[in-house]
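J.: Encoded as structure tokens, here's the structure I'll be asking about.
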Amino acid sequence: MLAHKTFLKKTRRGKILKVVREHYLRQDLHCGWKACAHCAVAAPSEASVEAPLNTPLTPPEVSPCEAVASPHLLILDTNVVLDQIDVLESGHLADVVLLQTVVQEVRHRSSPIYKRLQDLLAQSQRRFYFFVNEHHADTFVARRPGETPNDHNDRAIRRAALWYRQHLGWAVVLLTQDADNRQKAQAQGLIALSVETYVRGLVDQPELADKLAVRAEQAHDLTRPALFPEHWAPAAINRGVKNGQLLVGVFYLSRTNYTQASINVEGRDQPVLIQGLAHQNRALDGDRVAVELLPAPEWRAESEVVLEDDGQDPGDTITEDHAVSGSTSRQVQPSGKVVGIVQRKRRQYCGVLLPSPVPQATRHLFVPAEKKIPRVRIETRQVQRLTGQRIIVTIDAWPRHSRYPQGHFVRALGPIGDKATENEVLLLEHDIPHSKFSEAVLACLPELPWVITPQDESERVDCRHLDICSVDPPGCTDIDDALHCIQLPNGNFQVGVHIADVSHFIRPNTPIDLEAASRSTTVYLTDRRIDMVPGLLSSNLCSLRGGVERFAFSCVWEMDPEARIIQTKFHKSIIKSRAALTYEQAQNRIDDPSDETSVTQSLRQLMSLSKILKQRRLDQGALVLASSEVRFTVDSETADPIDVQVKQMRDTNSMVEEFMLAANISSAKRIFQEFPDCAMLRRHPAPPPSNFDPLVKAGKRQGYEIKVDSGKALADSLNAATDGKNAYFNTMLRMIATRCMMQAVYFASGTIEEPLFQHYGLACPIYTHFTSPIRRYADVIVHRLLAASIGADSTYPALLDKKSTQNIANNINYRHRMAQYASRASVNLHTHMFFRNKKRDEIGYVLFVRQNAIQVLIPKYGLEGTLYLRSDTDKSIAFHFDEDEPSQSCGDVTIRLFQKLRVQLTLDSSNVQHEKLVLRLVEPHIPGFSVEAISDDETSMEEEAPLAGSTPSSKIEANAKPTRKRSSPQNSKATPKAKKGKKS
Amino acid sequence: MATVLVSETEKLYVLHGVQEDLRVDGRARMDVRPIVVETDLVTHTSGSAHLRLANSDILVGVKAELEATTPARPTEGRLEFFVDCSANATPDFEGRGGENLATEISQALARAYQSAHVFDRRQLGVLAGQQCWVLYVDILILECGGNLFDAVSMAVKAALSSTRIPKISVTAVDGGEPELELSDDPFDGAKLDLRSAPILVTLLRIGNFCVVDPTPEEEACASAGVVMGVNVQGHVTMTKKVGSGSFHQRGLIEALKNGTAIGVELNRQLLNKLEEEDLQGYQRPKFGFLS
């Protein structure tokens with residue numbers, strides 16, 4: 001039977017087409033019930049390969065739901081699937097018919113939910129049946145004139161429900177959230193219920209009700225006064241944007257003050273400031289929002305106040321504290337208010353439950369782990385079970401009358417404080433793929449034992465006779481670089497950098513390649529490493545371990561004694577590393593005059609060359625910035641941290657780093673020359689001058705002029721700014737400078753102009769990453785390009801397409817950023833564990849002075865904390881904030897920028913849900929505010945923090961974003977690998 | 001025009017019949033043969049009609065497309081007629097054989113529809129000075145049984161009456177480029193105002209008398225003819241003389257009078273039938289070519 005489907009379509013060029021599709025109706029579609037006698041065809045079998053989505057229904061003997069007397073089938077409306085996918089996934093609903101109409105509408109409305117629905121349908125034990133109602137001769141309904149698509153779909157759903165009832169002869173329950181649809185269905189004699197009614201009737205599964213999403217219309221209670229202004233309709237926003245009344249940008253909540261946010265609008269150099277919850281108007285961090293600028297007299301400066309949203313549910317009120325909002329006197333910024341949300345960036349959030357003080361209450365507050373996300377009100381009847389657990393919650397709606405968004409519980413992760421749970425939270429929060437490698441990926445691994453074939457030998461340069469060695473941090477198992485150096489008869493040196501040949505094992509477009517591309521980077525947590533490629537490759541076949549033969553991609557230079565590159569050669573090779581040294585071992589060998597082995601000789605030559613290279617680089621204006629890296633000493637039994645140390649930097653670190661930089665630059669030049677359009681490069685844009693304001697201000701306070709007009713000027717003025725009295729001053733300046741930097745990013749060379757390729761921090765015009773293919777996917781691409789350029793490998797279409805390269809680069813940039821945040825969060829977590837039940841007095845330095853707090857840097861732990869300037873006990877203690885200096889004074893004590901303090905560190909565990917590190921002032925002593933020092937034997941009384949505490953290095957990339965603290969974790973033998981200290 | 005071979009004796013017979021007001025097929029001079037018309041047969045057009053007048057078989061499709069307006073008439077849309085004489089109709093149309101006839105018919109239609117009083121092109125305007133609808137009226141002559149002008153014009157009118165112009169609204173003008181939003185209901189279209197639209201009536205002079213709706217044999221006997229566009233109000237929108245012979249002044253005026261009367265009646269009946277068809281709704285059964 002034939003019907004026609006007609007619709008109008010607008011083409012991209014503005015033409016309007018009338019499209020007519022032939023629509024064939026069939027009579028041989030099965031209804032899905034296993035034992036159906038009425039259907040002309042056989043029921044689809046569970047094992048049938050061609051229809052894996054069709055699971056036969058087997059209805060139960062009794063009704064599981066109180067609201068329906070007889071056993072029944074469920075038919076869902078589209079809105080049920082869209083709103084309540086969590087309930088469907090819970091596994092308590094079975095014998096559900098999903099109509100094609102519904103599935104298609106879901107597909108149009110939300111692709112993530114469509115994906116989840118597909119997964120659901122694929123699970124055979126769930127008894128979800130996909131019924132192609134639109135092609136069934138009895139259930140097809142043609143659209144009527146004047147009928148909206150929505151009404152048409154509803155009619156199709158009701159028709160299918162009626163057909164099922166008549167066909168099977170027993171009850172069919174239509175679940176729909178649409179009251180109108182429900183009414184019409186009941187008029188036709190169907191049982192139609194809302195999901196809420198149905199789920200509450202499931203007596204066996206009381207906890208399922210928690211998963212019900214709060215629907216917008218239900219959440220909007222018009223009787224209560226609105227706290228927030230209405231959002232504009234999308235059409236009104238479009239109009240506003242077009243005529244310039246509104247701006248659209250991404251909403252970023254301030255890290256220190258939850259009432260303040262900024263919006264970066266494309267094409268405006270100054271972000272728009274949003275102050276106050278009403279002006280934020282329910283936008284969440286990361287949303288794309290439309291803002292309206294306030295009239296200029298209402299513009300404010302950024303507030304210096306540090307504010308956290310804590311305490312209990314204040315009810316539905318917003319108290320806008322005007323003392324908190326920024327003053328009008330200082331540099332004002334364009335300020336605005338959010339009028340609508342263009343695109344939501346909501347996801348599921350990890351966090352903890354903050355139980356309501358009323359014991360029997362079912363409404364509770366949920367506190368997300370991410371501080372930038374507001375608390376969420378959820379409804380649950382399992383408070384006892386969920387207290388003390390990390391849980392996942394989804395935000396459903398944020399009605400105008402509610403102080404907090406409303407959401408529902410999704411699942412529990414595990415007890416708070418449990419390391420596995422906390423790690424899981426970290427990984428989920430940072431969107432890090434951390435599942436086990438799939439079978440398909442593992443199938444791509446080479447078979448063991450892995451041997452080098454004669455064919456390999458003929459294709460590769462044999463470097464096994466060279467005295468190659470690798471230098472890495474202790475405990476490193478994924479060694480991706482090794483070095484050698486020999487003196488040539490003409491007095492020059494041959495220097496070789498040998499990089500693990502990962503692209504030999506990871507072939508393009510294989511499952512392992514796609515997985516690695518999606519992961520993009522290996523993520524290092526303090527006690528765990530999430531590999532980009534399976535362990536067999538990362539720790540064995542690719543790792544250039546000592547004494548074994550491995551494939552490498554070599555970059556070999558001829559350098560004159562002045563370390564100038566005379567000639568560069570790339571080739572694939574077979575190497576046999578003589579030794580896998582740690583930085584310390586290498587240093588000891590260099591320093592030991594009695595050691596005359598050839599490996600040591602070449603290390604010494606490398607060392608002297610690297611010093612020339614480094615000096616030349618610094619002369620060109622490469623920046624030396626500071627960050628602190630810590631390592632935890634971990635208890636081998638419990639894996640709990642028992643000590644924290646700041647990482648040591650040795651000359652050998654810098655030696656390896658120099659050659660890696662040189663190899664990266666050489667390969668960048670080479671691939672750009674060969675593939676001007678699709679080379680994967682890395683750039684670090686020069687920051688806009690306004691970024692340096694805090695640095696210049698801080699320098700001026702101490703009487704130094706920091707010039708920021710060029711990288712060279714900045715490097716020079718940073719070098720000049722040293723303070724004899726405060727040895728840590730220079731390091732702190734460099735740390736501030738680090739925060740002024742932009743983020744370095746990967747890109748495809750064809751996408752931007754060549755002058756923009758520059759790497760500001762390294763002061764070189766072109767740069768890429770070549771040296772760590774085991775842990776970075778960008779390097780794998782670079783390897784492939786290089787291999788193609790020397791004829792060692794073939795290209796494939798996607799490699800030569802700049803768009804696809806740019807897409808890969810975008811993903812790598814995102815994953816890379818997330819990996820950094822995750823590592824930091826992991827260190828944070830371990831710092832908290834370390835301070836549990838401990839109290840320490842430490843030296844700290846004032847890094848920033850705010851209106852009601854000071855940020856203190858504690859070099860010993862490389863951490864930065866906030867010292868709130870208000871007394872818990874004595875309200876008479878009041879600090880005076882001097883904005884211009886900046887300083888805080890109380891009585892005759894003044895605290896200035898960069899001043900050395902002594903602070904006491906404790907972990908505030910009073911709130912088990914949300915542990916936080918608390919700083920208290922010890923010295924200078926302010927009566928009534930400071931705390932007493934702990935007795936000497938308890939605390940380490942190093943008077944002077946070692947300068948090496950924060951290690952100057954050229955690691956500007958990782959530090960480009962302002963962060964509360966920065967570190968790269970490193971750990972003891974108990975854990976697989978520590979991150980390398982050389983990744984510019 | 002399609003030619004049939006007619007012998008002198010036959011011609012005389014036809015001539016005498018006309019004189020006696022009893023034509024070869026039994027009609028009087030002012031009688032029209034039965035007409036069968038059905039609209040909306042071709043689903044992917046905006047409007048269509050199939051018309052059968054004795055052996056003349058015409059299929060018309062109307063396609064509405066958005067295009068730029070002309071500078072001279074910024075608020076108006078356009079009507080474009082295109083006739084295709086299928087070689088199926090008669091072997092004479094083979095190759096470029098039908099071209100002259102096709103041009104003649106499409107020009108006659110264009111002239112008949114030209115006046116704003118007959119068909120208001122402003123109903124095709126979308127955005128003044130920028131966008132308008134252009135109706136492409138494609139006429140396919142499938143079979144030739146005489147009186148093509150009349151048959152084609154009625155089919156065109158029927159097709160236009162079934163045409164639905166998609167509803168679009170102009171949401172915004174962005175950098176001079178208008179943004180148009182299309183209604184998502186395929187049934188949601190505007191009807192054209194065809195209350196004054198004309199049809200063509202052909203009168204052929206055979207001997208001293210004029211006949212309407214000539215058969216091919218009669219066409220072969222005629223010495224001259226006049227084609228006129230007439231709407232339901234009785235306005236003559238176009239006249240055109242065909243054939244090599246001449247008209248007497250009085251005879252021409254008589255012919256025009258008669259033609260107007262016939263045209264008004266044909267228009268009225270056609271409109272009635274189309275309305276009747278429309279009332280049957282979108283689900284009416286369709287017959288197409290198999291009826």
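Lettering and numbering for the structure tokens are positional, with chains as A, B, ... in the shown order, residues counted from 1 in each chain, and ligands counted from 1 in the shown order.
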Please identify the alpha helix (DSSP H) residues within stretch 128-304 of chain A (assignment by DSSP from backbone atoms) and present them as an NGL selection string.
T.: :A and (149-168 or 179-187 or 195-201 or 216-219 or 234-242 or 277-280)
J.: Please build the interface table for chain A against chain B with a cut-off of 8 Å, listing for each qualifying residue the nearest atom pair and the distance in Å to one decimal; count only C-alpha atoms, order rows by chain and increasing number, and write it as CSV.
T.:
```
residue,atom,partner,partner_atom,distance
A:Thr6,CA,B:Pro186,CA,6.6
A:Phe7,CA,B:Pro186,CA,5.1
A:Leu8,CA,B:Pro186,CA,5.9
A:Lys9,CA,B:Leu182,CA,7.7
A:Lys10,CA,B:Leu182,CA,7.2
A:Gly14,CA,B:Leu66,CA,7.8
A:Lys15,CA,B:Leu66,CA,6.0
A:Ile16,CA,B:Glu65,CA,6.6
A:Lys18,CA,B:His44,CA,6.0
A:Val19,CA,B:His44,CA,6.4
A:Val20,CA,B:His44,CA,5.8
A:Arg144,CA,B:Phe187,CA,7.8
A:Pro145,CA,B:Phe187,CA,5.0
A:Gly146,CA,B:Asp188,CA,6.6
A:Glu147,CA,B:Asp185,CA,7.2
A:Thr148,CA,B:Asp185,CA,6.6
A:Pro149,CA,B:Asp185,CA,7.5
A:Arg239,CA,B:Ala172,CA,7.4
A:Lys242,CA,B:Asp174,CA,7.3
```
J.: Determine, counting only C-alpha atoms, which protein, DNA and RNA residues have an atom within 7 Å of an atom of B:Leu140; residues of the same chain fewer than 5 positions away are not included. Present the result as a ChimeraX atom specification.
T.: /B:58-60,83-86
J.: Pick out the residues sitting within 7 Å of A:Ile590, and hand them over as a PyMOL selection string; count only C-alpha atoms, and ignore anything fewer than 6 positions along from it in its own chain.
T.: chain A and resi 600+603-604
J.: Please, could you write that set of residues out with N, CA and C atoms as a short mmCIF file (atom, residue, chain, number, x, y, z; two decimals), in the first residue's frame?
T.:
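As a result, result-v5.cif now contains:
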```
data_model
loop_
_atom_site.label_atom_id
_atom_site.label_comp_id
_atom_site.auth_asym_id
_atom_site.auth_seq_id
_atom_site.Cartn_x
_atom_site.Cartn_y
_atom_site.Cartn_z
N THR A 600 78.55 8.21 29.59
CA THR A 600 78.79 9.40 30.40
C THR A 600 79.45 10.49 29.57
N LEU A 603 76.92 12.11 27.59
CA LEU A 603 76.06 12.94 28.45
C LEU A 603 76.73 14.29 28.72
N ARG A 604 78.03 14.23 28.95
CA ARG A 604 78.74 15.48 29.24
C ARG A 604 78.71 16.41 28.04
#
```
J.: Excluding B:Asp278 and any residue of its chain fewer than 5 positions from it, enumerate the residues within 9 Å of it, using only C-alpha atoms, and give them as JSON, numbers by chain.
T.: {"B": [162, 273, 284]}
J.: Residues at most 10 Å from B:Gln19, counting only C-alpha atoms, excluding those fewer than 2 positions away in the same chain, as an MDAnalysis selection string?
T.: chainID B and resid 13:17 21:23 29 206:210
J.: Please save C-alpha atoms of the selected residues as a short mmCIF file (atom, residue, chain, number, x, y, z; two decimals), in the first residue's frame.
T.:
```cif
data_model
loop_
_atom_site.label_atom_id
_atom_site.label_comp_id
_atom_site.auth_asym_id
_atom_site.auth_seq_id
_atom_site.Cartn_x
_atom_site.Cartn_y
_atom_site.Cartn_z
CA TYR B 13 -20.19 18.93 -46.05
CA VAL B 14 -18.79 20.67 -42.99
CA LEU B 15 -19.55 24.07 -44.49
CA HIS B 16 -23.13 23.15 -45.20
CA GLY B 17 -23.55 21.72 -41.75
CA ASP B 21 -26.53 25.06 -37.55
CA LEU B 22 -26.04 21.34 -37.37
CA ARG B 23 -22.38 20.44 -37.24
CA ARG B 29 -22.63 26.42 -33.81
CA ILE B 206 -16.58 28.73 -41.60
CA GLY B 207 -18.50 30.19 -44.52
CA ASN B 208 -20.44 33.10 -43.15
CA PHE B 209 -20.87 31.74 -39.68
CA CYS B 210 -18.65 31.35 -36.65
#
```
J.: Which parts of stretch 26-173 of chain B does DSSP call strand (DSSP E or B) when run on the backbone here, written out as number ranges by chain?
T.: B: 35-39, 47-53, 56-68, 78-85, 125-127, 131-143, 164-166, 168-173
J.: Neighbouring residues of A:Gly891 were defined as those with any atom within 9 Å, considering only C-alpha atoms; residues of the same chain fewer than 6 positions away were excluded. Please report them as a count of residues only.
T.: 5
J.: Atom CA of A:Phe130 to atom CA of A:Leu202: how many Å, to one decimal?
T.: 23.4 Å
J.: Using Å and a single decimal, report how far atom CA of A:Val103 sits from atom CA of A:Val41.
T.: 23.4 Å
